[in-house]
file upload.txt (compact mmCIF, C-alpha atoms and all ligand atoms)
# COMPACT_ATOMS: atom_id res chain seq x y z
CA MET K 1 -12.42 6.60 18.36
CA ASN K 2 -11.24 5.54 14.96
CA THR K 3 -12.65 2.03 14.46
CA PRO K 4 -10.43 0.18 12.01
CA ILE K 5 -12.00 -0.58 8.66
CA LEU K 6 -10.28 -3.96 8.73
CA HIS K 7 -8.65 -5.77 11.59
CA ILE K 8 -6.86 -9.06 10.95
CA GLN K 9 -5.55 -11.10 13.84
CA ASN K 10 -3.32 -14.16 13.79
CA LEU K 11 -4.67 -15.41 10.51
CA HIS K 12 -3.45 -18.77 9.15
CA LYS K 13 -4.11 -20.63 5.93
CA HIS K 14 -2.53 -23.82 4.59
CA PHE K 15 -2.71 -25.32 1.13
CA GLY K 16 -1.35 -28.79 1.79
CA LYS K 17 2.21 -28.23 2.95
CA VAL K 18 2.24 -24.58 1.90
CA HIS K 19 1.69 -22.20 4.78
CA ALA K 20 0.18 -19.51 2.55
CA VAL K 21 -0.79 -17.12 5.36
CA ASN K 22 1.25 -17.44 8.52
CA ASP K 23 0.06 -15.67 11.66
CA LEU K 24 -0.87 -12.48 9.87
CA SER K 25 -2.10 -9.52 11.90
CA LEU K 26 -2.73 -6.07 10.54
CA GLU K 27 -5.02 -3.10 10.71
CA VAL K 28 -6.39 -0.77 8.06
CA LEU K 29 -7.79 2.58 9.20
CA PRO K 30 -10.44 4.72 7.50
CA GLY K 31 -9.15 6.72 4.56
CA GLN K 32 -5.93 4.78 4.15
CA VAL K 33 -4.74 3.48 0.83
CA PHE K 34 -3.25 0.31 2.20
CA GLY K 35 -0.81 -1.69 0.11
CA ILE K 36 -0.15 -5.37 0.68
CA LEU K 37 3.27 -5.76 -0.86
CA GLY K 38 5.07 -9.03 -1.48
CA PRO K 39 6.70 -11.19 -4.14
CA ASN K 40 4.83 -13.86 -6.09
CA GLY K 41 3.39 -16.50 -3.83
CA SER K 42 3.71 -14.46 -0.63
CA GLY K 43 0.03 -14.86 0.25
CA LYS K 44 -1.49 -11.56 -0.91
CA THR K 45 -4.34 -13.00 -2.97
CA THR K 46 -5.01 -15.68 -0.38
CA THR K 47 -5.31 -12.99 2.31
CA LEU K 48 -7.69 -10.94 0.18
CA GLY K 49 -9.67 -14.10 -0.60
CA ILE K 50 -10.08 -14.85 3.09
CA ILE K 51 -11.20 -11.38 4.08
CA LEU K 52 -13.68 -11.43 1.19
CA ASP K 53 -15.04 -14.76 2.36
CA VAL K 54 -14.18 -16.69 -0.79
CA ILE K 55 -11.31 -18.66 0.79
CA LYS K 56 -11.72 -20.46 4.07
CA LYS K 57 -9.21 -19.58 6.78
CA LYS K 58 -7.65 -22.22 9.01
CA SER K 59 -7.55 -20.09 12.13
CA GLY K 60 -7.39 -16.50 13.27
CA GLU K 61 -9.88 -13.70 12.98
CA TYR K 62 -10.81 -10.74 10.92
CA ARG K 63 -13.26 -7.95 11.50
CA TRP K 64 -14.77 -5.44 9.12
CA PHE K 65 -15.83 -2.07 10.57
CA GLY K 66 -15.24 -3.48 14.04
CA GLU K 67 -17.74 -6.34 13.56
CA PRO K 68 -17.44 -10.02 12.71
CA PRO K 69 -17.88 -10.49 8.94
CA SER K 70 -21.50 -10.52 7.77
CA ALA K 71 -23.53 -10.11 4.61
CA GLU K 72 -24.22 -6.58 5.79
CA SER K 73 -20.56 -5.59 6.05
CA ARG K 74 -19.79 -7.36 2.77
CA LYS K 75 -22.13 -4.91 1.02
CA LYS K 76 -19.86 -2.04 1.98
CA ILE K 77 -16.90 -3.62 0.20
CA GLY K 78 -16.22 -3.42 -3.52
CA ALA K 79 -13.64 -5.87 -4.79
CA ILE K 80 -11.81 -6.92 -7.90
CA LEU K 81 -9.99 -10.15 -7.23
CA GLU K 82 -9.66 -11.43 -10.74
CA THR K 83 -10.56 -9.63 -13.93
CA PRO K 84 -14.32 -10.00 -13.75
CA VAL K 85 -16.25 -11.53 -16.57
CA PHE K 86 -18.13 -9.12 -18.76
CA TYR K 87 -20.19 -9.99 -21.79
CA PRO K 88 -17.97 -9.25 -24.80
CA TYR K 89 -20.73 -8.19 -27.18
CA LEU K 90 -22.49 -5.92 -24.71
CA SER K 91 -21.55 -2.30 -24.08
CA ALA K 92 -20.21 -0.94 -20.80
CA VAL K 93 -23.65 0.39 -19.96
CA ASP K 94 -25.39 -2.92 -20.62
CA ASN K 95 -22.77 -4.86 -18.72
CA LEU K 96 -23.16 -2.54 -15.74
CA LYS K 97 -26.96 -2.88 -15.93
CA ILE K 98 -26.48 -6.59 -15.37
CA VAL K 99 -24.12 -5.94 -12.47
CA ALA K 100 -26.64 -3.48 -11.00
CA LEU K 101 -29.36 -6.11 -11.25
CA ILE K 102 -27.21 -8.74 -9.55
CA LYS K 103 -26.16 -6.39 -6.77
CA GLY K 104 -29.60 -4.89 -6.35
CA VAL K 105 -28.28 -1.39 -7.03
CA ASP K 106 -30.13 1.38 -8.81
CA GLU K 107 -29.12 1.89 -12.45
CA SER K 108 -28.90 5.63 -11.92
CA ARG K 109 -25.31 5.38 -10.72
CA ILE K 110 -24.05 3.82 -13.96
CA ASP K 111 -23.38 7.11 -15.69
CA SER K 112 -21.53 8.61 -12.78
CA VAL K 113 -19.24 5.60 -12.24
CA LEU K 114 -18.47 5.52 -15.96
CA LYS K 115 -17.48 9.17 -15.71
CA THR K 116 -15.29 8.44 -12.70
CA VAL K 117 -13.32 5.82 -14.61
CA ASP K 118 -13.28 7.94 -17.76
CA LEU K 119 -15.22 5.51 -19.94
CA HIS K 120 -18.19 7.73 -20.49
CA GLU K 121 -17.35 8.49 -24.11
CA ARG K 122 -17.07 4.82 -24.98
CA LYS K 123 -19.97 3.62 -22.91
CA PHE K 124 -22.03 2.31 -25.83
CA ASP K 125 -19.13 0.41 -27.44
CA ALA K 126 -18.93 -3.34 -27.05
CA PHE K 127 -16.69 -4.58 -24.23
CA LYS K 128 -14.63 -6.67 -26.67
CA THR K 129 -13.44 -3.49 -28.42
CA TYR K 130 -11.88 -2.13 -25.22
CA SER K 131 -8.16 -2.01 -24.49
CA LEU K 132 -6.90 -3.92 -21.45
CA GLY K 133 -6.72 -0.68 -19.48
CA MET K 134 -10.31 0.16 -20.37
CA LYS K 135 -11.43 -3.32 -19.35
CA GLN K 136 -9.72 -2.84 -16.00
CA ARG K 137 -11.37 0.56 -15.60
CA LEU K 138 -14.76 -1.01 -16.30
CA ALA K 139 -14.01 -3.56 -13.59
CA ILE K 140 -13.33 -0.71 -11.19
CA ALA K 141 -16.55 0.99 -12.30
CA SER K 142 -18.39 -2.22 -11.59
CA ALA K 143 -16.91 -2.42 -8.09
CA LEU K 144 -17.86 1.22 -7.49
CA LEU K 145 -21.46 0.72 -8.55
CA ALA K 146 -22.78 -0.08 -5.09
CA ASP K 147 -20.89 2.95 -3.69
CA PRO K 148 -18.79 0.83 -1.30
CA GLU K 149 -16.85 2.30 1.63
CA VAL K 150 -13.89 0.07 0.86
CA MET K 151 -12.32 -0.98 -2.42
CA ILE K 152 -10.15 -4.06 -2.69
CA LEU K 153 -7.91 -4.40 -5.71
CA ASP K 154 -5.58 -7.30 -6.47
CA GLU K 155 -2.67 -6.28 -8.70
CA PRO K 156 -4.75 -3.62 -10.44
CA THR K 157 -2.12 -2.72 -13.03
CA ASN K 158 -0.99 -6.21 -14.01
CA GLY K 159 -0.48 -6.60 -17.74
CA LEU K 160 -1.11 -2.96 -18.61
CA ASP K 161 1.16 -0.74 -20.69
CA PRO K 162 2.81 2.29 -19.03
CA GLN K 163 -0.01 4.63 -19.96
CA GLY K 164 -2.65 2.20 -18.73
CA ILE K 165 -0.69 1.77 -15.50
CA ALA K 166 -0.50 5.53 -14.95
CA GLU K 167 -4.25 5.89 -15.62
CA ILE K 168 -5.23 3.18 -13.17
CA ARG K 169 -2.93 4.57 -10.47
CA GLN K 170 -4.37 8.05 -10.98
CA LEU K 171 -7.86 6.61 -10.75
CA ILE K 172 -7.08 4.84 -7.48
CA ILE K 173 -5.73 8.06 -5.98
CA GLN K 174 -8.83 9.88 -7.17
CA ILE K 175 -11.16 7.29 -5.62
CA ALA K 176 -9.25 7.57 -2.35
CA GLN K 177 -9.69 11.34 -2.44
CA GLN K 178 -13.43 10.77 -2.54
CA GLY K 179 -13.04 9.31 0.93
CA LYS K 180 -12.98 5.60 0.20
CA THR K 181 -10.58 3.29 1.95
CA ILE K 182 -8.55 1.21 -0.47
CA ILE K 183 -6.73 -2.06 0.06
CA LEU K 184 -4.54 -3.15 -2.78
CA ALA K 185 -2.18 -6.04 -3.33
CA SER K 186 0.91 -5.47 -5.41
CA HIS K 187 4.32 -6.95 -6.02
CA LEU K 188 5.63 -3.56 -7.15
CA LEU K 189 7.36 -1.36 -4.60
CA ASP K 190 7.08 1.60 -6.91
CA GLU K 191 3.30 1.13 -7.16
CA VAL K 192 2.95 1.12 -3.39
CA GLN K 193 5.17 4.22 -3.17
CA LYS K 194 3.12 6.09 -5.76
CA VAL K 195 -0.36 5.12 -4.64
CA CYS K 196 -0.44 4.01 -1.00
CA SER K 197 -0.37 5.87 2.30
CA HIS K 198 0.35 2.74 4.36
CA PHE K 199 1.61 -0.71 3.59
CA ALA K 200 2.44 -4.15 4.89
CA VAL K 201 5.11 -6.41 3.46
CA LEU K 202 4.47 -10.15 3.23
CA LYS K 203 7.03 -12.82 2.62
CA LYS K 204 6.03 -16.46 2.47
CA GLY K 205 2.78 -15.65 4.21
CA LYS K 206 4.42 -13.77 7.07
CA LEU K 207 4.18 -10.11 7.88
CA ILE K 208 7.65 -8.68 7.93
CA TYR K 209 6.92 -4.98 7.99
CA SER K 210 4.02 -2.62 8.35
CA GLY K 211 4.02 1.15 8.49
CA SER K 212 3.44 4.39 6.66
CA VAL K 213 4.86 4.88 3.21
CA ASP K 214 6.17 8.32 4.13
CA GLU K 215 8.24 7.03 6.99
CA ALA K 216 9.62 3.94 5.34
CA LEU K 217 9.95 4.79 1.70
CA THR K 218 10.95 8.39 1.29
CA GLY K 219 14.40 7.88 -0.09
CA THR K 220 16.31 10.61 1.70
CA ASP K 221 18.71 10.12 4.59
CA THR K 222 18.25 11.90 7.88
CA VAL K 223 20.76 13.08 10.46
CA GLU K 224 20.33 12.65 14.21
CA ILE K 225 22.06 15.40 16.09
CA ALA K 226 22.37 16.64 19.67
CA ALA K 227 24.28 19.31 21.62
CA ASP K 228 24.23 20.72 25.16
CA ASP K 229 22.03 23.64 24.15
CA MET K 230 19.32 22.00 22.03
CA ASP K 231 17.39 25.23 21.39
CA LEU K 232 20.46 27.03 20.09
CA LEU K 233 21.30 23.95 18.03
CA GLU K 234 17.85 23.92 16.44
CA GLU K 235 17.98 27.65 15.66
CA THR K 236 21.41 27.33 14.10
CA ILE K 237 20.50 24.27 12.01
CA LYS K 238 17.54 26.21 10.60
CA GLN K 239 20.03 28.79 9.32
CA PHE K 240 22.03 26.16 7.42
CA ALA K 241 21.34 26.65 3.71
CA TYR K 242 20.82 22.93 3.04
CA THR K 243 18.40 22.20 5.87
CA GLN K 244 15.08 20.91 4.62
CA SER K 245 13.43 20.15 7.95
CA VAL K 246 14.28 19.87 11.65
CA ARG K 247 12.16 17.77 13.99
CA PRO K 248 12.83 17.36 17.73
CA GLU K 249 12.79 13.74 18.89
CA LYS K 250 13.47 12.33 22.35
CA GLN K 251 17.17 12.96 22.78
CA PHE K 252 18.13 14.58 19.53
CA LEU K 253 16.93 16.56 16.55
CA ARG K 254 16.17 14.75 13.32
CA VAL K 255 17.34 16.78 10.38
CA ARG K 256 16.55 16.18 6.74
CA LEU K 257 19.02 17.82 4.39
CA LYS K 258 18.37 19.00 0.86
CA ASN K 259 19.90 17.13 -2.07
CA ASN K 260 21.18 14.46 0.27
CA GLN K 261 23.84 16.88 1.53
CA SER K 262 26.10 15.04 3.93
CA SER K 263 26.08 15.39 7.68
CA ILE K 264 29.77 16.32 7.51
CA ASP K 265 28.84 19.59 5.80
CA LEU K 266 26.27 20.29 8.48
CA ASN K 267 28.81 19.58 11.19
CA ARG K 268 31.34 21.90 9.55
CA PHE K 269 28.73 24.66 9.48
CA LEU K 270 27.93 24.14 13.15
CA VAL K 271 31.60 24.27 14.11
CA GLU K 272 31.89 27.56 12.22
CA GLN K 273 28.97 28.85 14.28
CA GLY K 274 30.76 27.80 17.47
CA ILE K 275 28.56 24.79 18.25
CA VAL K 276 30.08 21.51 19.35
CA VAL K 277 27.75 18.56 18.85
CA SER K 278 27.60 15.73 21.36
CA HIS K 279 25.95 13.27 18.99
CA LEU K 280 25.71 13.09 15.23
CA SER K 281 24.77 10.11 13.15
CA GLN K 282 23.47 9.68 9.66
CA ARG K 283 20.64 7.21 9.11
CA THR K 284 20.47 5.63 5.72
CA ASN K 285 17.08 4.61 4.48
CA SER K 286 18.06 1.06 3.77
CA LEU K 287 14.51 -0.21 4.18
CA GLU K 288 13.72 0.51 0.59
CA GLN K 289 16.80 -1.42 -0.52
CA GLN K 290 15.75 -4.36 1.61
CA PHE K 291 12.24 -4.39 0.19
CA LEU K 292 13.63 -4.39 -3.31
CA GLN K 293 15.85 -7.35 -2.46
CA ILE K 294 12.95 -9.25 -0.98
CA LEU K 295 10.73 -8.54 -3.94
CA ALA K 296 13.47 -9.65 -6.32
CA ALA K 297 14.51 -12.66 -4.26
CA ASP K 298 11.17 -14.46 -4.60
CA SER K 299 11.69 -17.85 -3.08
CA SER K 300 15.19 -17.47 -1.59
CA SER K 301 15.50 -16.91 2.13
CA ALA K 302 17.49 -13.71 1.98
CA THR K 303 16.40 -12.21 5.25
CA SER K 304 15.53 -13.76 8.53
CA GLY K 305 12.94 -12.89 11.12
CA ASN K 306 11.08 -9.82 12.06
CA HIS K 307 13.09 -7.13 13.61
CA SER K 308 16.57 -7.65 12.31
CA PHE K 309 14.93 -6.88 9.01
CA ILE K 310 13.83 -3.39 9.87
CA ASP K 311 17.04 -2.33 11.61
CA GLN K 312 18.40 0.59 9.73
CA LYS K 313 22.05 0.98 8.95
CA THR K 314 23.63 3.65 11.02
CA THR K 315 26.93 5.33 10.33
CA THR K 316 28.48 7.58 12.90
CA HIS K 317 30.57 10.56 12.02
CA ALA K 318 31.14 12.15 15.39
N1 LIG I 1 -5.84 -22.96 -4.52
C1 LIG I 1 -4.58 -23.20 -4.15
N2 LIG I 1 -4.12 -24.47 -4.03
C2 LIG I 1 -2.87 -24.72 -3.62
N3 LIG I 1 -1.96 -23.77 -3.32
C3 LIG I 1 -2.34 -22.50 -3.42
C4 LIG I 1 -3.66 -22.15 -3.85
N4 LIG I 1 -3.75 -20.79 -3.86
C5 LIG I 1 -2.55 -20.34 -3.47
N5 LIG I 1 -1.70 -21.35 -3.19
C6 LIG I 1 -0.31 -21.21 -2.73
O1 LIG I 1 -0.30 -20.33 -1.63
C7 LIG I 1 0.82 -19.46 -1.69
C8 LIG I 1 0.34 -18.03 -1.70
O2 LIG I 1 -0.31 -17.77 -2.93
P1 LIG I 1 -1.01 -16.38 -3.28
O3 LIG I 1 -1.70 -16.54 -4.57
O4 LIG I 1 -1.79 -15.93 -2.10
O5 LIG I 1 0.25 -15.42 -3.44
P2 LIG I 1 0.33 -13.95 -4.03
O6 LIG I 1 1.14 -13.18 -3.05
O7 LIG I 1 -1.01 -13.44 -4.37
O8 LIG I 1 1.21 -14.16 -5.33
P3 LIG I 1 1.17 -13.40 -6.78
O9 LIG I 1 2.01 -12.16 -6.59
O10 LIG I 1 1.81 -14.37 -7.69
O11 LIG I 1 -0.25 -13.10 -7.11
C9 LIG I 1 1.59 -19.87 -2.91
O12 LIG I 1 2.62 -20.75 -2.52
C10 LIG I 1 0.57 -20.58 -3.77
O13 LIG I 1 1.17 -21.54 -4.60
MG MG I 2 -1.85 -12.77 -6.16

call {"tool": "encode", "arguments": {"input": "upload.txt", "output": "structure tokens", "more": "lines below"}}
Ligand SMILES: Nc1ncnc2c1ncn2[C@@H]1O[C@H](COP(=O)(O)OP(=O)(O)OP(=O)(O)O)[C@@H](O)[C@H]1O
Ligand SMILES: [Mg+2]
result
Amino acid sequence: MNTPILHIQNLHKHFGKVHAVNDLSLEVLPGQVFGILGPNGSGKTTTLGIILDVIKKKSGEYRWFGEPPSAESRKKIGAILETPVFYPYLSAVDNLKIVALIKGVDESRIDSVLKTVDLHERKFDAFKTYSLGMKQRLAIASALLADPEVMILDEPTNGLDPQGIAEIRQLIIQIAQQGKTIILASHLLDEVQKVCSHFAVLKKGKLIYSGSVDEALTGTDTVEIAADDMDLLEETIKQFAYTQSVRPEKQFLRVRLKNNQSSIDLNRFLVEQGIVVSHLSQRTNSLEQQFLQILAADSSSATSGNHSFIDQKTTTHA
């Protein structure tokens, strides 16, 4: 069985009157790049702080690797919550030697982590001469030093220029490809789309959505379609020049069309082939729009509770 890397259940945290984390439950599985997405103040950093044992929860539970949190499990987690403090006059190598000493890790990994984050050529230069992006990459190197199973990153591209952002995102993807599980907080939908495999959306401390990035955030519309003879229907749809994919679901086929071709064109083609459909509806991926609104809305209360939020807009043509 696939034991979750992280399991959070009914977590709560208050800061005075602010309910910073409100009944949060979620699960991160091995190998996922899991994004915690939400506007400023939605409780992302607080959540990461709790699961890293630096902020005290009010109630609820979390488990790492299927076990209650312990010093042992903490060793398997590398985290960057805030930009860590490095000594400005020391080089990357010397700074990492200090980190290695503190963490009780062998110095032999320093070179390899500096290669991973592409700082190897500058490794003897003083930290203070580094660009912001390089400083962030050194922070990632430092978190990688103990070869953790999980990496936690809080807004890893904050404050960087476009090139720095692209480099960090590429680095995260590369680290994930090495088999590490990554949990990252971000207020950028586009970051989550580019980097994550799965994500959860927080708003005012509450979970309002959780799922795979592919399912929720691939921008194209799909068409649900059914006819008396489903096999013939499927065969015929595959012959339509604009069909990208056809997937059987319970009572209909789900069709993705190329270039956002409309379902009307598909229907016309089917009629020409002598097929009368009994059901045809186009599903618009409005989720992405809703996330963007939430992320832009910040403190307003644009959307209400859980499930009305994830209802997708459906338009029926036949
Ligand atoms: N130490 C603290 N004392 C009081 N309130 C706090 C404290 N830390 C966080 N909060 C409040 O808890 C809420 C959640 O904050 P948190 O930092 O977790 O949000 P966030 O999603 O990480 O936001 P951002 O995108 O700005 O980093 C906010 O209303 C914040 O003001
Ligand atoms: Mg934060």

call {"tool": "residues_around", "arguments": {"input": "upload.txt", "residues": "K:Asp231", "least_positions_apart": "5", "cutoff": "10 Å", "atoms": "all atoms listed in the file", "output": "PyMOL selection string"}}
result
chain K and resi 236-237+248+253

call {"tool": "residues_near_ligand", "arguments": {"input": "upload.txt", "ligand": "ligand LIG 1 (chain I)", "cutoff": "12 Å", "atoms": "only C-alpha atoms and all ligand atoms", "output": "short mmCIF file (atom, residue, chain, number, x, y, z; two decimals) with C-alpha atoms, keeping the file's coordinate frame"}}
result
data_model
loop_
_atom_site.label_atom_id
_atom_site.label_comp_id
_atom_site.auth_asym_id
_atom_site.auth_seq_id
_atom_site.Cartn_x
_atom_site.Cartn_y
_atom_site.Cartn_z
CA HIS K 12 -3.45 -18.77 9.15
CA LYS K 13 -4.11 -20.63 5.93
CA HIS K 14 -2.53 -23.82 4.59
CA PHE K 15 -2.71 -25.32 1.13
CA GLY K 16 -1.35 -28.79 1.79
CA LYS K 17 2.21 -28.23 2.95
CA VAL K 18 2.24 -24.58 1.90
CA HIS K 19 1.69 -22.20 4.78
CA ALA K 20 0.18 -19.51 2.55
CA VAL K 21 -0.79 -17.12 5.36
CA ASN K 22 1.25 -17.44 8.52
CA ILE K 36 -0.15 -5.37 0.68
CA LEU K 37 3.27 -5.76 -0.86
CA GLY K 38 5.07 -9.03 -1.48
CA PRO K 39 6.70 -11.19 -4.14
CA ASN K 40 4.83 -13.86 -6.09
CA GLY K 41 3.39 -16.50 -3.83
CA SER K 42 3.71 -14.46 -0.63
CA GLY K 43 0.03 -14.86 0.25
CA LYS K 44 -1.49 -11.56 -0.91
CA THR K 45 -4.34 -13.00 -2.97
CA THR K 46 -5.01 -15.68 -0.38
CA THR K 47 -5.31 -12.99 2.31
CA LEU K 48 -7.69 -10.94 0.18
CA GLY K 49 -9.67 -14.10 -0.60
CA ILE K 50 -10.08 -14.85 3.09
CA VAL K 54 -14.18 -16.69 -0.79
CA ILE K 55 -11.31 -18.66 0.79
CA LYS K 56 -11.72 -20.46 4.07
CA LEU K 81 -9.99 -10.15 -7.23
CA GLU K 82 -9.66 -11.43 -10.74
CA LEU K 153 -7.91 -4.40 -5.71
CA ASP K 154 -5.58 -7.30 -6.47
CA GLU K 155 -2.67 -6.28 -8.70
CA PRO K 156 -4.75 -3.62 -10.44
CA ASN K 158 -0.99 -6.21 -14.01
CA LEU K 184 -4.54 -3.15 -2.78
CA ALA K 185 -2.18 -6.04 -3.33
CA SER K 186 0.91 -5.47 -5.41
CA HIS K 187 4.32 -6.95 -6.02
CA LEU K 188 5.63 -3.56 -7.15
CA VAL K 201 5.11 -6.41 3.46
CA LEU K 202 4.47 -10.15 3.23
CA LYS K 203 7.03 -12.82 2.62
CA LYS K 204 6.03 -16.46 2.47
CA GLY K 205 2.78 -15.65 4.21
CA LYS K 206 4.42 -13.77 7.07
CA LEU K 207 4.18 -10.11 7.88
CA LEU K 295 10.73 -8.54 -3.94
CA ALA K 296 13.47 -9.65 -6.32
CA ASP K 298 11.17 -14.46 -4.60
CA SER K 299 11.69 -17.85 -3.08
#

call {"tool": "residues_around", "arguments": {"input": "upload.txt", "residues": "K:Val277", "least_positions_apart": "3", "cutoff": "8 Å", "atoms": "all atoms listed in the file", "output": "number ranges by chain"}}
result
K: 225-228, 267, 270, 280

call {"tool": "residues_near_point", "arguments": {"input": "upload.txt", "point": "(22.0, 24.2, 3.1)", "cutoff": "8 Å", "atoms": "only C-alpha atoms", "output": "VMD selection string"}}
result
chain K and resid 239 to 244 257 to 258 261 266

call {"tool": "residues_around", "arguments": {"input": "upload.txt", "residues": "K:Asp125", "least_positions_apart": "5", "cutoff": "12 Å", "atoms": "only C-alpha atoms", "output": "ChimeraX atom specification"}}
result
/K:87-95,119-120,130-131,134-135

call {"tool": "atom_distance", "arguments": {"input": "upload.txt", "atom1": "atom CA of K:Thr181", "atom2": "atom CA of K:Phe34"}}
result
7.9 Å

call {"tool": "residues_around", "arguments": {"input": "upload.txt", "residues": "K:Val28", "least_positions_apart": "5", "cutoff": "8 Å", "atoms": "all atoms listed in the file", "output": "CSV table (one decimal) with C-alpha atoms, in the coordinates of the input"}}
result
chain,number,residue,atom,x,y,z
K,4,PRO,CA,-10.4,0.2,12.0
K,5,ILE,CA,-12.0,-0.6,8.7
K,6,LEU,CA,-10.3,-4.0,8.7
K,7,HIS,CA,-8.6,-5.8,11.6
K,34,PHE,CA,-3.2,0.3,2.2

call {"tool": "closest_residue", "arguments": {"input": "upload.txt", "among": "K:Ile172, K:Leu11, K:Ile110, K:Leu29", "to": "K:Tyr62", "atoms": "only C-alpha atoms"}}
result
K:Leu11

call {"tool": "residues_around", "arguments": {"input": "upload.txt", "residues": "stretch 70-80 of chain K", "least_positions_apart": "4", "cutoff": "6 Å", "atoms": "all atoms listed in the file", "output": "list in words"}}
result
Ala143, Pro148, Glu149, Val150, Met151, Ile152 and Leu153 of chain K

call {"tool": "atom_distance", "arguments": {"input": "upload.txt", "atom1": "atom CA of K:Thr116", "atom2": "atom CA of K:Leu132"}}
result
17.3 Å

call {"tool": "atom_distance", "arguments": {"input": "upload.txt", "atom1": "atom CA of K:Val246", "atom2": "atom CA of K:Arg268"}}
result
17.3 Å

call {"tool": "residues_near_point", "arguments": {"input": "upload.txt", "point": "(-21.2, 3.4, -11.7)", "cutoff": "10 Å", "atoms": "all atoms listed in the file", "output": "list in words"}}
result
Val93, Leu96, Lys97, Val99, Ala100, Val105, Asp106, Glu107, Ser108, Arg109, Ile110, Asp111, Ser112, Val113, Leu114, Lys115, Thr116, Val117, Leu138, Ile140, Ala141, Ser142, Ala143, Leu144, Leu145, Ala146 and Asp147 of chain K

call {"tool": "closest_residue", "arguments": {"input": "upload.txt", "among": "K:Gln290, K:Cys196, K:Phe252, K:Ser262", "to": "K:Ser278", "atoms": "all atoms listed in the file"}}
result
K:Phe252

call {"tool": "closest_residue", "arguments": {"input": "upload.txt", "among": "K:Phe127, K:Asp265, K:Arg247, K:Asp118", "to": "K:Gln170", "atoms": "all atoms listed in the file"}}
result
K:Asp118

call {"tool": "build_atoms", "arguments": {"input": "upload.txt", "residues": "stretch 15-26 of chain K", "atoms": "N, CA and C atoms", "output": "JSON list (two decimals), keeping the file's coordinate frame"}}
result
[["chain", "number", "residue", "atom", "x", "y", "z"],
["K", 15, "PHE", "N", -2.30, -24.52, 2.29],
["K", 15, "PHE", "CA", -2.71, -25.32, 1.13],
["K", 15, "PHE", "C", -1.78, -26.52, 1.15],
["K", 16, "GLY", "N", -2.25, -27.65, 1.64],
["K", 16, "GLY", "CA", -1.35, -28.79, 1.79],
["K", 16, "GLY", "C", -0.18, -28.39, 2.67],
["K", 17, "LYS", "N", 1.02, -28.56, 2.14],
["K", 17, "LYS", "CA", 2.21, -28.23, 2.95],
["K", 17, "LYS", "C", 2.53, -26.73, 2.94],
["K", 18, "VAL", "N", 1.92, -26.01, 2.02],
["K", 18, "VAL", "CA", 2.24, -24.58, 1.90],
["K", 18, "VAL", "C", 1.51, -23.77, 2.97],
["K", 19, "HIS", "N", 2.28, -23.08, 3.78],
["K", 19, "HIS", "CA", 1.69, -22.20, 4.78],
["K", 19, "HIS", "C", 1.49, -20.83, 4.11],
["K", 20, "ALA", "N", 0.37, -20.67, 3.43],
["K", 20, "ALA", "CA", 0.18, -19.51, 2.55],
["K", 20, "ALA", "C", 0.00, -18.20, 3.33],
["K", 21, "VAL", "N", -0.66, -18.28, 4.48],
["K", 21, "VAL", "CA", -0.79, -17.12, 5.36],
["K", 21, "VAL", "C", -0.39, -17.59, 6.75],
["K", 22, "ASN", "N", 0.62, -16.93, 7.31],
["K", 22, "ASN", "CA", 1.25, -17.44, 8.52],
["K", 22, "ASN", "C", 1.20, -16.40, 9.65],
["K", 23, "ASP", "N", 0.19, -16.51, 10.46],
["K", 23, "ASP", "CA", 0.06, -15.67, 11.66],
["K", 23, "ASP", "C", 0.00, -14.18, 11.31],
["K", 24, "LEU", "N", -0.80, -13.86, 10.35],
["K", 24, "LEU", "CA", -0.87, -12.48, 9.87],
["K", 24, "LEU", "C", -1.80, -11.63, 10.74],
["K", 25, "SER", "N", -1.28, -10.51, 11.20],
["K", 25, "SER", "CA", -2.10, -9.52, 11.90],
["K", 25, "SER", "C", -1.85, -8.17, 11.26],
["K", 26, "LEU", "N", -2.91, -7.45, 10.99],
["K", 26, "LEU", "CA", -2.73, -6.07, 10.54],
["K", 26, "LEU", "C", -4.03, -5.29, 10.65]]
